[in-house]
$ cat protein-v4.cif   # mmCIF, C-alpha atoms
data_model
loop_
_atom_site.label_atom_id
_atom_site.label_comp_id
_atom_site.auth_asym_id
_atom_site.auth_seq_id
_atom_site.Cartn_x
_atom_site.Cartn_y
_atom_site.Cartn_z
CA MET A 12 14.90 6.86 -31.75
CA TYR A 13 15.52 4.72 -34.81
CA ASP A 14 12.78 3.81 -37.26
CA VAL A 15 14.25 0.32 -37.72
CA VAL A 16 17.13 -1.47 -35.99
CA ALA A 17 18.21 -4.84 -37.41
CA VAL A 18 20.36 -7.64 -36.03
CA GLY A 19 21.86 -10.42 -38.12
CA GLU A 20 24.12 -11.17 -41.03
CA LEU A 21 26.12 -8.71 -43.10
CA LEU A 22 28.14 -10.43 -45.80
CA ILE A 23 29.53 -10.28 -49.30
CA ASP A 24 27.33 -11.42 -52.17
CA PHE A 25 29.37 -12.40 -55.21
CA THR A 26 26.87 -11.98 -58.04
CA PRO A 27 27.23 -13.00 -61.71
CA ALA A 28 28.99 -10.33 -63.80
CA GLY A 29 29.34 -11.84 -67.24
CA THR A 30 32.33 -13.79 -68.53
CA SER A 31 36.00 -13.14 -69.16
CA GLY A 32 37.57 -13.07 -72.61
CA ARG A 33 38.21 -16.80 -72.18
CA GLY A 34 34.61 -17.54 -71.23
CA ALA A 35 35.17 -17.94 -67.48
CA ALA A 36 32.34 -16.76 -65.23
CA LEU A 37 32.99 -13.45 -63.49
CA PHE A 38 31.49 -12.39 -60.15
CA ALA A 39 31.05 -8.89 -58.74
CA ARG A 40 31.52 -8.04 -55.05
CA ASN A 41 28.28 -6.67 -53.57
CA PRO A 42 27.19 -5.94 -50.00
CA GLY A 43 24.49 -8.34 -48.81
CA GLY A 44 22.73 -10.06 -45.95
CA ALA A 45 18.95 -9.87 -45.63
CA PRO A 46 18.72 -7.75 -42.42
CA ALA A 47 21.24 -5.26 -43.83
CA ASN A 48 19.33 -5.20 -47.14
CA VAL A 49 16.11 -4.37 -45.30
CA LEU A 50 17.83 -1.54 -43.42
CA ALA A 51 19.31 -0.21 -46.65
CA ALA A 52 15.84 -0.23 -48.22
CA VAL A 53 14.39 1.73 -45.29
CA THR A 54 17.29 4.18 -45.33
CA ARG A 55 17.11 4.72 -49.10
CA LEU A 56 13.48 5.76 -48.62
CA GLY A 57 14.38 8.25 -45.88
CA GLY A 58 14.22 6.24 -42.63
CA LYS A 59 16.66 6.34 -39.71
CA THR A 60 18.27 2.95 -39.08
CA ALA A 61 20.99 1.09 -37.16
CA PHE A 62 22.65 -2.30 -37.62
CA ILE A 63 23.87 -4.87 -35.08
CA GLY A 64 26.17 -7.61 -36.36
CA LYS A 65 29.73 -8.79 -36.94
CA VAL A 66 32.18 -8.80 -39.85
CA GLY A 67 35.85 -9.65 -40.24
CA GLU A 68 38.62 -7.11 -39.78
CA ASP A 69 39.57 -7.61 -43.42
CA GLY A 70 39.07 -5.92 -46.76
CA PHE A 71 35.57 -7.34 -47.15
CA GLY A 72 34.52 -6.30 -43.66
CA ARG A 73 35.82 -2.76 -44.12
CA PHE A 74 34.00 -2.55 -47.45
CA LEU A 75 30.74 -3.59 -45.77
CA ARG A 76 31.16 -1.12 -42.91
CA ASP A 77 31.96 1.68 -45.36
CA THR A 78 28.91 0.75 -47.46
CA LEU A 79 26.54 1.03 -44.50
CA ASP A 80 28.20 4.25 -43.38
CA GLY A 81 27.82 5.63 -46.88
CA LEU A 82 24.10 4.85 -46.85
CA GLY A 83 23.67 6.61 -43.51
CA ILE A 84 23.04 3.46 -41.45
CA ASP A 85 24.34 3.71 -37.87
CA THR A 86 27.17 1.16 -37.56
CA SER A 87 27.99 1.72 -33.90
CA GLY A 88 26.61 -1.78 -33.25
CA LEU A 89 28.79 -3.41 -35.93
CA VAL A 90 31.60 -5.46 -34.37
CA MET A 91 34.78 -6.18 -36.33
CA THR A 92 36.94 -9.19 -35.50
CA GLY A 93 40.38 -10.33 -36.57
CA GLU A 94 39.69 -13.92 -35.47
CA VAL A 95 37.43 -15.07 -38.34
CA PRO A 96 36.87 -13.76 -41.89
CA THR A 97 33.85 -11.96 -43.26
CA THR A 98 31.15 -14.34 -44.49
CA LEU A 99 30.87 -14.83 -48.26
CA ALA A 100 28.00 -16.01 -50.47
CA PHE A 101 28.11 -16.78 -54.18
CA VAL A 102 24.83 -16.14 -56.00
CA GLN A 103 23.79 -18.11 -59.06
CA LEU A 104 20.96 -16.90 -61.32
CA ASP A 105 18.84 -19.08 -63.60
CA GLU A 106 17.41 -18.01 -66.94
CA ARG A 107 14.49 -16.25 -65.20
CA GLY A 108 16.75 -14.29 -62.86
CA ASP A 109 15.86 -16.44 -59.85
CA ARG A 110 18.72 -17.03 -57.43
CA SER A 111 20.44 -19.76 -55.43
CA PHE A 112 23.25 -19.41 -52.88
CA SER A 113 26.52 -21.08 -51.91
CA PHE A 114 27.78 -19.90 -48.49
CA TYR A 115 31.32 -19.80 -47.10
CA ARG A 116 30.84 -19.40 -43.33
CA LYS A 117 32.22 -22.35 -41.36
CA PRO A 118 32.90 -20.23 -39.48
CA GLY A 119 32.15 -16.76 -40.74
CA ALA A 120 32.16 -13.57 -38.74
CA ASP A 121 28.38 -13.15 -38.81
CA ILE A 122 27.74 -16.25 -36.69
CA MET A 123 30.31 -15.21 -34.08
CA LEU A 124 28.33 -12.27 -32.67
CA SER A 125 27.86 -12.94 -28.94
CA PRO A 126 25.09 -11.68 -26.63
CA GLY A 127 27.59 -9.49 -24.78
CA GLU A 128 28.45 -7.70 -28.02
CA VAL A 129 24.86 -6.59 -28.68
CA LYS A 130 24.64 -2.83 -28.15
CA ARG A 131 21.61 -2.41 -25.89
CA GLU A 132 21.47 1.35 -26.47
CA LEU A 133 20.28 0.48 -29.98
CA THR A 134 17.72 -2.18 -29.04
CA GLY A 135 16.19 0.26 -26.57
CA GLN A 136 15.71 2.94 -29.23
CA ALA A 137 14.02 0.93 -31.98
CA ARG A 138 10.52 1.64 -33.20
CA ILE A 139 10.78 -1.59 -35.19
CA MET A 140 13.28 -4.36 -34.38
CA HIS A 141 13.99 -6.55 -37.40
CA PHE A 142 15.68 -9.95 -37.66
CA GLY A 143 15.82 -13.10 -39.77
CA SER A 144 16.60 -16.77 -39.31
CA VAL A 145 20.06 -16.94 -40.91
CA SER A 146 21.59 -15.67 -37.66
CA LEU A 147 19.69 -18.41 -35.80
CA THR A 148 21.55 -21.26 -37.53
CA ASP A 149 24.58 -21.27 -35.20
CA GLU A 150 25.82 -20.18 -31.80
CA PRO A 151 26.67 -17.66 -30.48
CA SER A 152 24.76 -15.54 -33.04
CA ARG A 153 21.53 -17.41 -32.25
CA SER A 154 21.61 -16.37 -28.60
CA ALA A 155 22.74 -12.85 -29.52
CA THR A 156 19.88 -12.42 -31.99
CA LEU A 157 17.20 -13.69 -29.64
CA ALA A 158 18.57 -11.58 -26.78
CA ALA A 159 18.53 -8.44 -28.95
CA VAL A 160 14.97 -9.06 -30.13
CA ARG A 161 13.66 -9.81 -26.64
CA ALA A 162 15.31 -6.69 -25.23
CA ALA A 163 13.77 -4.52 -27.96
CA LYS A 164 10.35 -6.10 -27.49
CA GLU A 165 10.51 -5.45 -23.75
CA ALA A 166 11.38 -1.82 -24.52
CA GLY A 167 8.21 -1.49 -26.60
CA ALA A 168 9.44 -2.09 -30.15
CA VAL A 169 7.33 -3.72 -32.83
CA VAL A 170 9.19 -6.86 -33.95
CA SER A 171 9.47 -7.81 -37.63
CA TYR A 172 10.77 -11.17 -38.80
CA ASP A 173 11.81 -12.75 -42.09
CA PRO A 174 12.43 -16.51 -41.69
CA ASN A 175 14.52 -16.43 -44.90
CA TYR A 176 15.08 -20.21 -45.16
CA ARG A 177 18.47 -21.27 -46.55
CA PRO A 178 18.51 -25.12 -46.42
CA LEU A 179 22.28 -25.52 -46.78
CA LEU A 180 22.89 -23.52 -43.59
CA TRP A 181 20.90 -25.89 -41.36
CA GLU A 182 21.77 -29.36 -40.13
CA SER A 183 18.27 -30.59 -41.02
CA PRO A 184 14.79 -29.28 -41.91
CA GLY A 185 13.69 -30.26 -38.39
CA GLU A 186 16.38 -28.11 -36.79
CA ALA A 187 15.45 -25.26 -39.11
CA LYS A 188 11.76 -25.47 -38.20
CA ARG A 189 12.55 -25.55 -34.48
CA TRP A 190 14.52 -22.30 -34.45
CA MET A 191 12.55 -20.56 -37.18
CA ARG A 192 9.42 -21.14 -35.10
CA GLU A 193 11.23 -19.77 -32.05
CA GLY A 194 11.78 -16.59 -34.02
CA LEU A 195 8.16 -16.60 -35.13
CA SER A 196 6.99 -16.67 -31.51
CA LEU A 197 8.58 -13.23 -30.99
CA ALA A 198 7.27 -11.60 -34.17
CA ASP A 199 4.53 -9.00 -34.57
CA ILE A 200 5.04 -8.72 -38.34
CA VAL A 201 6.26 -11.71 -40.35
CA LYS A 202 7.12 -11.96 -44.04
CA VAL A 203 7.54 -15.41 -45.61
CA SER A 204 7.82 -16.93 -49.07
CA ASP A 205 5.31 -19.58 -50.10
CA GLU A 206 8.02 -22.22 -49.45
CA GLU A 207 8.63 -20.87 -45.94
CA LEU A 208 4.89 -20.74 -45.28
CA THR A 209 4.66 -24.47 -45.97
CA LEU A 210 7.77 -25.25 -43.90
CA LEU A 211 6.49 -23.34 -40.85
CA THR A 212 2.79 -24.23 -41.00
CA GLY A 213 2.48 -27.38 -43.10
CA GLU A 214 0.02 -25.51 -45.33
CA THR A 215 0.20 -24.66 -49.02
CA ASP A 216 -3.08 -22.74 -48.91
CA LEU A 217 -2.35 -19.05 -48.32
CA GLU A 218 -5.42 -18.35 -46.20
CA ARG A 219 -5.00 -21.35 -43.91
CA GLY A 220 -1.23 -20.95 -43.66
CA SER A 221 -1.38 -17.24 -42.87
CA GLN A 222 -3.98 -17.92 -40.19
CA LYS A 223 -1.54 -20.34 -38.55
CA LEU A 224 1.15 -17.64 -38.59
CA LEU A 225 -1.21 -15.39 -36.65
CA GLU A 226 -2.02 -18.21 -34.24
CA ALA A 227 1.76 -18.51 -33.60
CA GLY A 228 1.80 -14.91 -32.39
CA ALA A 229 2.11 -12.54 -35.36
CA SER A 230 -0.37 -9.72 -35.89
CA LEU A 231 0.40 -9.11 -39.59
CA ALA A 232 1.45 -11.92 -41.92
CA LEU A 233 2.80 -11.26 -45.41
CA VAL A 234 3.58 -13.85 -48.07
CA SER A 235 5.82 -12.66 -50.92
CA LEU A 236 4.90 -14.35 -54.20
CA GLY A 237 7.43 -12.89 -56.64
CA ALA A 238 5.77 -11.88 -59.91
CA LYS A 239 2.39 -12.77 -58.41
CA GLY A 240 2.62 -9.99 -55.84
CA ALA A 241 2.04 -10.42 -52.11
CA PHE A 242 -0.63 -12.01 -49.92
CA PHE A 243 -1.57 -10.45 -46.59
CA ARG A 244 -3.48 -11.33 -43.46
CA LEU A 245 -4.32 -8.95 -40.63
CA GLY A 246 -6.88 -10.50 -38.30
CA GLU A 247 -9.87 -11.38 -40.51
CA LEU A 248 -8.59 -9.21 -43.38
CA CYS A 249 -6.77 -11.13 -46.09
CA GLY A 250 -6.13 -10.81 -49.80
CA ARG A 251 -3.55 -10.45 -52.53
CA GLN A 252 -1.92 -7.25 -53.75
CA PRO A 253 -0.56 -7.38 -57.33
CA THR A 254 2.93 -6.33 -58.32
CA PHE A 255 4.16 -4.13 -61.18
CA ASP A 256 5.16 -4.89 -64.75
CA VAL A 257 8.89 -4.27 -65.05
CA ARG A 258 11.79 -5.83 -66.95
CA THR A 259 13.38 -8.20 -64.42
CA VAL A 260 17.11 -8.90 -64.64
CA ASP A 261 17.95 -9.99 -61.06
CA THR A 262 15.60 -10.92 -58.19
CA ASN A 263 18.34 -10.72 -55.54
CA GLY A 264 17.20 -8.36 -52.78
CA ALA A 265 13.65 -7.89 -54.11
CA GLY A 266 11.98 -9.48 -51.09
CA ASP A 267 14.13 -7.42 -48.73
CA SER A 268 13.28 -4.27 -50.66
CA PHE A 269 9.56 -5.12 -50.46
CA PHE A 270 9.75 -5.76 -46.71
CA GLY A 271 11.90 -2.70 -46.05
CA ALA A 272 9.42 -0.49 -47.89
CA VAL A 273 6.52 -1.98 -45.91
CA LEU A 274 8.37 -1.37 -42.64
CA TYR A 275 9.15 2.18 -43.72
CA ARG A 276 5.42 2.82 -44.12
CA LEU A 277 4.64 1.23 -40.73
CA CYS A 278 7.52 2.53 -38.59
CA GLY A 279 5.58 5.46 -37.17
CA LYS A 280 2.74 3.26 -35.94
CA SER A 281 2.28 1.42 -32.67
CA LEU A 282 1.35 -2.25 -32.71
CA ALA A 283 -2.22 -1.29 -31.80
CA GLU A 284 -2.35 1.08 -34.78
CA ILE A 285 -1.00 -1.61 -37.11
CA ARG A 286 -3.66 -4.02 -35.88
CA SER A 287 -6.31 -1.37 -36.65
CA LEU A 288 -5.33 -0.79 -40.31
CA THR A 289 -8.22 -0.92 -42.78
CA ARG A 290 -8.11 -3.02 -45.92
CA GLU A 291 -7.57 0.11 -48.03
CA GLU A 292 -4.70 1.30 -45.83
CA LEU A 293 -3.05 -2.11 -45.86
CA GLU A 294 -3.39 -2.48 -49.63
CA ASP A 295 -1.77 0.94 -50.06
CA VAL A 296 1.17 -0.10 -47.87
CA LEU A 297 1.63 -3.33 -49.82
CA SER A 298 1.35 -1.56 -53.16
CA PHE A 299 4.19 0.69 -52.04
CA GLY A 300 6.21 -2.37 -50.99
CA ASN A 301 5.53 -4.16 -54.27
CA ALA A 302 6.68 -1.12 -56.25
CA ALA A 303 9.96 -1.08 -54.30
CA GLY A 304 10.47 -4.81 -54.79
CA SER A 305 9.65 -4.59 -58.50
CA MET A 306 12.08 -1.73 -59.09
CA THR A 307 14.85 -3.68 -57.34
CA THR A 308 14.57 -6.49 -59.90
CA THR A 309 15.39 -4.14 -62.77
CA ARG A 310 19.05 -3.83 -61.69
CA PRO A 311 21.71 -6.35 -60.60
CA GLY A 312 22.81 -6.79 -57.00
CA ALA A 313 20.89 -6.31 -53.75
CA ILE A 314 21.78 -3.07 -51.93
CA PRO A 315 23.04 -1.34 -55.12
CA ALA A 316 19.68 -2.03 -56.78
CA LEU A 317 17.44 -0.62 -54.04
CA PRO A 318 15.18 2.21 -55.26
CA THR A 319 14.76 5.74 -53.99
CA MET A 320 11.43 7.22 -52.93
CA GLU A 321 11.21 9.04 -56.26
CA GLU A 322 11.64 5.78 -58.17
CA VAL A 323 9.04 3.95 -56.08
CA LEU A 324 6.48 6.70 -56.56
CA ALA A 325 7.20 6.84 -60.30
CA CYS A 326 6.72 3.09 -60.56
CA ARG A 327 3.34 3.30 -58.82
CA ALA A 328 2.24 6.23 -60.97
CA HIS A 329 3.33 5.10 -64.42
CA THR A 330 3.64 1.31 -64.50
CA PRO A 331 0.50 -0.80 -64.91
CA LEU A 332 -0.28 -3.37 -62.25
CA LEU A 333 0.44 -6.94 -63.21
CA LEU A 334 -1.14 -9.96 -61.56
CA ARG A 335 0.19 -13.16 -63.07
#

$ encode --input "protein-v4.cif" --output "structure tokens"
Amino acid sequence: MYDVVAVGELLIDFTPAGTSGRGAALFARNPGGAPANVLAAVTRLGGKTAFIGKVGEDGFGRFLRDTLDGLGIDTSGLVMTGEVPTTLAFVQLDERGDRSFSFYRKPGADIMLSPGEVKRELTGQARIMHFGSVSLTDEPSRSATLAAVRAAKEAGAVVSYDPNYRPLLWESPGEAKRWMREGLSLADIVKVSDEELTLLTGETDLERGSQKLLEAGASLALVSLGAKGAFFRLGELCGRQPTFDVRTVDTNGAGDSFFGAVLYRLCGKSLAEIRSLTREELEDVLSFGNAAGSMTTTRPGAIPALPTMEEVLACRAHTPLLLR
């Protein structure tokens, strides 16, 4: 069995890396893609994971495969193709370290994964099946993603979902909402940003919006709030868990690190056990997730910045909580 299996995008993040001697912006090649980031976070903490997706049979694709292999992620479900190149994303950071993306994927290998290429041996062995909405933007990856998630759910997996809204990848907000809500209908655990909460529910209020996420089918709803921590709802239980005071240099991958750490803490539990968590148990899980997300912001890149268990525990033990 695998603690977490993920299906979706694996791509290259080109992140800011200073300037040349002539003042031109430099970018560093980093492995990225939210589902892969979540798996890397789980693996870094000690979990057993596997990835399902597609990259190009090119230098970038081989680099990505080797990166996952080096982390200990099972890549038997990673398809390599010579027909289209590996997907690329350029990340821009503002003065606060917050990010924006420019994607090069029309087409890119990640959206070319077909249902027939999904390795069912992996979906049938997942304790948690994880996916996002980026692979729902285009066919055939949309059908492949939904087929993988449905197969895992039928086999008894808990399903986790990160809508991960990227406006430039969708034809319209209406199209995005349609397919993001389709993903939501399959989810047991969902993690959204405050922007995604409003998009999916029409609510800006955390309590009302999270209640609507549960009404759509989720059992546990999480709202990541950056420096303000994370909001949670599990049945009638709801509240906010503060984050940690660290020196932030790059927020890329922080939400994936948070979610991966949460899933790591939940991967040994059945859906019934997750639904039965007490407030104290849930706050402890989220505190662990917030420590992982906070530590990730102290280094550049996504996967390269993910913390180890030792670093997460040290952050919780020695860094004061910060609720801003």

$ residues_around --input "protein-v4.cif" --residues "stretch 115-128 of chain A" --least-positions-apart "4" --cutoff "6 Å" --atoms "all atoms listed in the file" --output "CSV table (one decimal) with C-alpha atoms, in the frame of the given file"
chain,number,residue,atom,x,y,z
A,20,GLU,CA,24.1,-11.2,-41.0
A,65,LYS,CA,29.7,-8.8,-36.9
A,66,VAL,CA,32.2,-8.8,-39.8
A,67,GLY,CA,35.8,-9.6,-40.2
A,95,VAL,CA,37.4,-15.1,-38.3
A,96,PRO,CA,36.9,-13.8,-41.9
A,97,THR,CA,33.8,-12.0,-43.3
A,98,THR,CA,31.2,-14.3,-44.5
A,99,LEU,CA,30.9,-14.8,-48.3
A,151,PRO,CA,26.7,-17.7,-30.5
A,152,SER,CA,24.8,-15.5,-33.0
A,155,ALA,CA,22.7,-12.8,-29.5

$ atom_distance --input "protein-v4.cif" --atom1 "atom CA of A:Asp199" --atom2 "atom CA of A:Val169"
6.2 Å

$ atom_distance --input "protein-v4.cif" --atom1 "atom CA of A:Asn175" --atom2 "atom CA of A:Glu218"
20.1 Å

$ resolve_selection --input "protein-v4.cif" --expression "the PyMOL selection byres ((chain A and resi 102) around 7)" --output "list in words"
Asp24, Phe25, Thr26, Pro27, Ala100, Phe101, Gln103, Leu104, Arg110, Ser111, Phe112 and Ser113 of chain A

$ resolve_selection --input "protein-v4.cif" --expression "the PyMOL selection byres ((chain A and resi 261-277) around 7)" --output "NGL selection string"
:A and (45 or 48-50 or 52-53 or 58 or 108-110 or 235 or 259-260 or 278-280 or 296-297 or 299-301 or 303-305 or 307-313 or 317)

$ resolve_selection --input "protein-v4.cif" --expression "the PyMOL selection byres ((chain A and resi 249) around 10)" --output "PyMOL selection string"
chain A and resi 217-218+221-222+231-233+242-248+250-252+290+293-294

$ write_last_selection --input "protein-v4.cif" --atoms "C-alpha atoms" --output "JSON list (two decimals), in the coordinates of the input"
[["chain", "number", "residue", "atom", "x", "y", "z"],
["A", 217, "LEU", "CA", -2.35, -19.05, -48.32],
["A", 218, "GLU", "CA", -5.42, -18.35, -46.20],
["A", 221, "SER", "CA", -1.38, -17.24, -42.87],
["A", 222, "GLN", "CA", -3.98, -17.92, -40.19],
["A", 231, "LEU", "CA", 0.40, -9.11, -39.59],
["A", 232, "ALA", "CA", 1.45, -11.92, -41.92],
["A", 233, "LEU", "CA", 2.80, -11.26, -45.41],
["A", 242, "PHE", "CA", -0.63, -12.01, -49.92],
["A", 243, "PHE", "CA", -1.57, -10.45, -46.59],
["A", 244, "ARG", "CA", -3.48, -11.33, -43.46],
["A", 245, "LEU", "CA", -4.32, -8.95, -40.63],
["A", 246, "GLY", "CA", -6.88, -10.50, -38.30],
["A", 247, "GLU", "CA", -9.87, -11.38, -40.51],
["A", 248, "LEU", "CA", -8.59, -9.21, -43.38],
["A", 250, "GLY", "CA", -6.13, -10.81, -49.80],
["A", 251, "ARG", "CA", -3.55, -10.45, -52.53],
["A", 252, "GLN", "CA", -1.92, -7.25, -53.75],
["A", 290, "ARG", "CA", -8.11, -3.02, -45.92],
["A", 293, "LEU", "CA", -3.05, -2.11, -45.86],
["A", 294, "GLU", "CA", -3.39, -2.48, -49.63]]

$ closest_residue --input "protein-v4.cif" --among "A:Leu37, A:Ala17, A:Cys326, A:Met91" --to "A:Leu133" --atoms "all atoms listed in the file"
A:Ala17

$ closest_residue --input "protein-v4.cif" --among "A:Arg40, A:Gly93, A:Asp173, A:Val234" --to "A:Pro315" --atoms "only C-alpha atoms"
A:Arg40

$ residues_around --input "protein-v4.cif" --residues "A:Ile84" --least-positions-apart "3" --cutoff "7 Å" --atoms "only C-alpha atoms" --output "list in words"
Thr54, Thr60, Ala61, Phe62, Leu79 and Asp80 of chain A

$ residues_around --input "protein-v4.cif" --residues "A:Thr209" --least-positions-apart "2" --cutoff "12 Å" --atoms "only C-alpha atoms" --output "compact mmCIF listing (two decimals) with C-alpha atoms, in the frame of the given file"
# COMPACT_ATOMS: atom_id res chain seq x y z
CA PRO A 174 12.43 -16.51 -41.69
CA TYR A 176 15.08 -20.21 -45.16
CA PRO A 184 14.79 -29.28 -41.91
CA LYS A 188 11.76 -25.47 -38.20
CA VAL A 203 7.54 -15.41 -45.61
CA SER A 204 7.82 -16.93 -49.07
CA ASP A 205 5.31 -19.58 -50.10
CA GLU A 206 8.02 -22.22 -49.45
CA GLU A 207 8.63 -20.87 -45.94
CA LEU A 211 6.49 -23.34 -40.85
CA THR A 212 2.79 -24.23 -41.00
CA GLY A 213 2.48 -27.38 -43.10
CA GLU A 214 0.02 -25.51 -45.33
CA THR A 215 0.20 -24.66 -49.02
CA ASP A 216 -3.08 -22.74 -48.91
CA LEU A 217 -2.35 -19.05 -48.32
CA GLU A 218 -5.42 -18.35 -46.20
CA ARG A 219 -5.00 -21.35 -43.91
CA GLY A 220 -1.23 -20.95 -43.66
CA SER A 221 -1.38 -17.24 -42.87
CA LYS A 223 -1.54 -20.34 -38.55
CA LEU A 224 1.15 -17.64 -38.59
CA VAL A 234 3.58 -13.85 -48.07

$ atom_distance --input "protein-v4.cif" --atom1 "atom CA of A:Glu292" --atom2 "atom CA of A:Tyr13"
23.3 Å

$ closest_residue --input "protein-v4.cif" --among "A:Leu56, A:Ala229, A:Ala302, A:Leu22" --to "A:Ser196" --atoms "all atoms listed in the file"
A:Ala229

$ closest_residue --input "protein-v4.cif" --among "A:Gly44, A:Gly228, A:Gly135, A:Gly34" --to "A:Arg192" --atoms "all atoms listed in the file"
A:Gly228

$ closest_residue --input "protein-v4.cif" --among "A:Val145, A:Leu225, A:Ala238, A:Leu75" --to "A:Val257" --atoms "only C-alpha atoms"
A:Ala238

$ closest_residue --input "protein-v4.cif" --among "A:Val323, A:Ile200, A:Val90, A:Val18" --to "A:Ala159" --atoms "only C-alpha atoms"
A:Val18

$ build_atoms --input "protein-v4.cif" --residues "stretch 224-238 of chain A" --atoms "N, CA, C and O atoms" --output "PDB file, in the frame of the given file"
ATOM      1  N   LEU A 224       0.102 -18.579 -38.990  1.00  0.00           N
ATOM      2  CA  LEU A 224       1.150 -17.640 -38.590  1.00  0.00           C
ATOM      3  C   LEU A 224       0.630 -16.685 -37.520  1.00  0.00           C
ATOM      4  O   LEU A 224       1.338 -16.359 -36.563  1.00  0.00           O
ATOM      5  N   LEU A 225      -0.620 -16.259 -37.663  1.00  0.00           N
ATOM      6  CA  LEU A 225      -1.210 -15.390 -36.650  1.00  0.00           C
ATOM      7  C   LEU A 225      -1.426 -16.147 -35.347  1.00  0.00           C
ATOM      8  O   LEU A 225      -1.213 -15.603 -34.256  1.00  0.00           O
ATOM      9  N   GLU A 226      -1.818 -17.402 -35.441  1.00  0.00           N
ATOM     10  CA  GLU A 226      -2.020 -18.210 -34.240  1.00  0.00           C
ATOM     11  C   GLU A 226      -0.702 -18.424 -33.497  1.00  0.00           C
ATOM     12  O   GLU A 226      -0.696 -18.622 -32.274  1.00  0.00           O
ATOM     13  N   ALA A 227       0.436 -18.354 -34.226  1.00  0.00           N
ATOM     14  CA  ALA A 227       1.760 -18.510 -33.600  1.00  0.00           C
ATOM     15  C   ALA A 227       2.211 -17.233 -32.909  1.00  0.00           C
ATOM     16  O   ALA A 227       3.228 -17.234 -32.215  1.00  0.00           O
ATOM     17  N   GLY A 228       1.477 -16.125 -33.111  1.00  0.00           N
ATOM     18  CA  GLY A 228       1.800 -14.910 -32.390  1.00  0.00           C
ATOM     19  C   GLY A 228       1.866 -13.635 -33.200  1.00  0.00           C
ATOM     20  O   GLY A 228       1.816 -12.541 -32.651  1.00  0.00           O
ATOM     21  N   ALA A 229       1.998 -13.746 -34.530  1.00  0.00           N
ATOM     22  CA  ALA A 229       2.110 -12.540 -35.360  1.00  0.00           C
ATOM     23  C   ALA A 229       0.765 -11.817 -35.455  1.00  0.00           C
ATOM     24  O   ALA A 229      -0.296 -12.428 -35.351  1.00  0.00           O
ATOM     25  N   SER A 230       0.832 -10.509 -35.658  1.00  0.00           N
ATOM     26  CA  SER A 230      -0.370  -9.720 -35.890  1.00  0.00           C
ATOM     27  C   SER A 230      -0.609  -9.499 -37.383  1.00  0.00           C
ATOM     28  O   SER A 230      -1.746  -9.487 -37.844  1.00  0.00           O
ATOM     29  N   LEU A 231       0.475  -9.320 -38.141  1.00  0.00           N
ATOM     30  CA  LEU A 231       0.400  -9.110 -39.590  1.00  0.00           C
ATOM     31  C   LEU A 231       1.289 -10.125 -40.275  1.00  0.00           C
ATOM     32  O   LEU A 231       2.480 -10.222 -39.978  1.00  0.00           O
ATOM     33  N   ALA A 232       0.698 -10.914 -41.168  1.00  0.00           N
ATOM     34  CA  ALA A 232       1.450 -11.920 -41.920  1.00  0.00           C
ATOM     35  C   ALA A 232       1.446 -11.541 -43.397  1.00  0.00           C
ATOM     36  O   ALA A 232       0.394 -11.239 -43.967  1.00  0.00           O
ATOM     37  N   LEU A 233       2.632 -11.564 -44.000  1.00  0.00           N
ATOM     38  CA  LEU A 233       2.800 -11.260 -45.410  1.00  0.00           C
ATOM     39  C   LEU A 233       3.454 -12.446 -46.097  1.00  0.00           C
ATOM     40  O   LEU A 233       4.395 -13.037 -45.553  1.00  0.00           O
ATOM     41  N   VAL A 234       2.973 -12.782 -47.282  1.00  0.00           N
ATOM     42  CA  VAL A 234       3.580 -13.850 -48.070  1.00  0.00           C
ATOM     43  C   VAL A 234       4.013 -13.243 -49.397  1.00  0.00           C
ATOM     44  O   VAL A 234       3.164 -12.787 -50.176  1.00  0.00           O
ATOM     45  N   SER A 235       5.319 -13.201 -49.648  1.00  0.00           N
ATOM     46  CA  SER A 235       5.820 -12.660 -50.920  1.00  0.00           C
ATOM     47  C   SER A 235       5.731 -13.753 -51.981  1.00  0.00           C
ATOM     48  O   SER A 235       6.140 -14.887 -51.758  1.00  0.00           O
ATOM     49  N   LEU A 236       5.189 -13.382 -53.137  1.00  0.00           N
ATOM     50  CA  LEU A 236       4.900 -14.350 -54.200  1.00  0.00           C
ATOM     51  C   LEU A 236       5.600 -14.011 -55.506  1.00  0.00           C
ATOM     52  O   LEU A 236       5.169 -14.428 -56.573  1.00  0.00           O
ATOM     53  N   GLY A 237       6.685 -13.236 -55.436  1.00  0.00           N
ATOM     54  CA  GLY A 237       7.430 -12.890 -56.640  1.00  0.00           C
ATOM     55  C   GLY A 237       6.564 -12.108 -57.619  1.00  0.00           C
ATOM     56  O   GLY A 237       5.937 -11.106 -57.273  1.00  0.00           O
ATOM     57  N   ALA A 238       6.528 -12.579 -58.863  1.00  0.00           N
ATOM     58  CA  ALA A 238       5.770 -11.880 -59.910  1.00  0.00           C
ATOM     59  C   ALA A 238       4.265 -11.886 -59.653  1.00  0.00           C
ATOM     60  O   ALA A 238       3.529 -11.122 -60.273  1.00  0.00           O
TER      61      ALA A 238
END
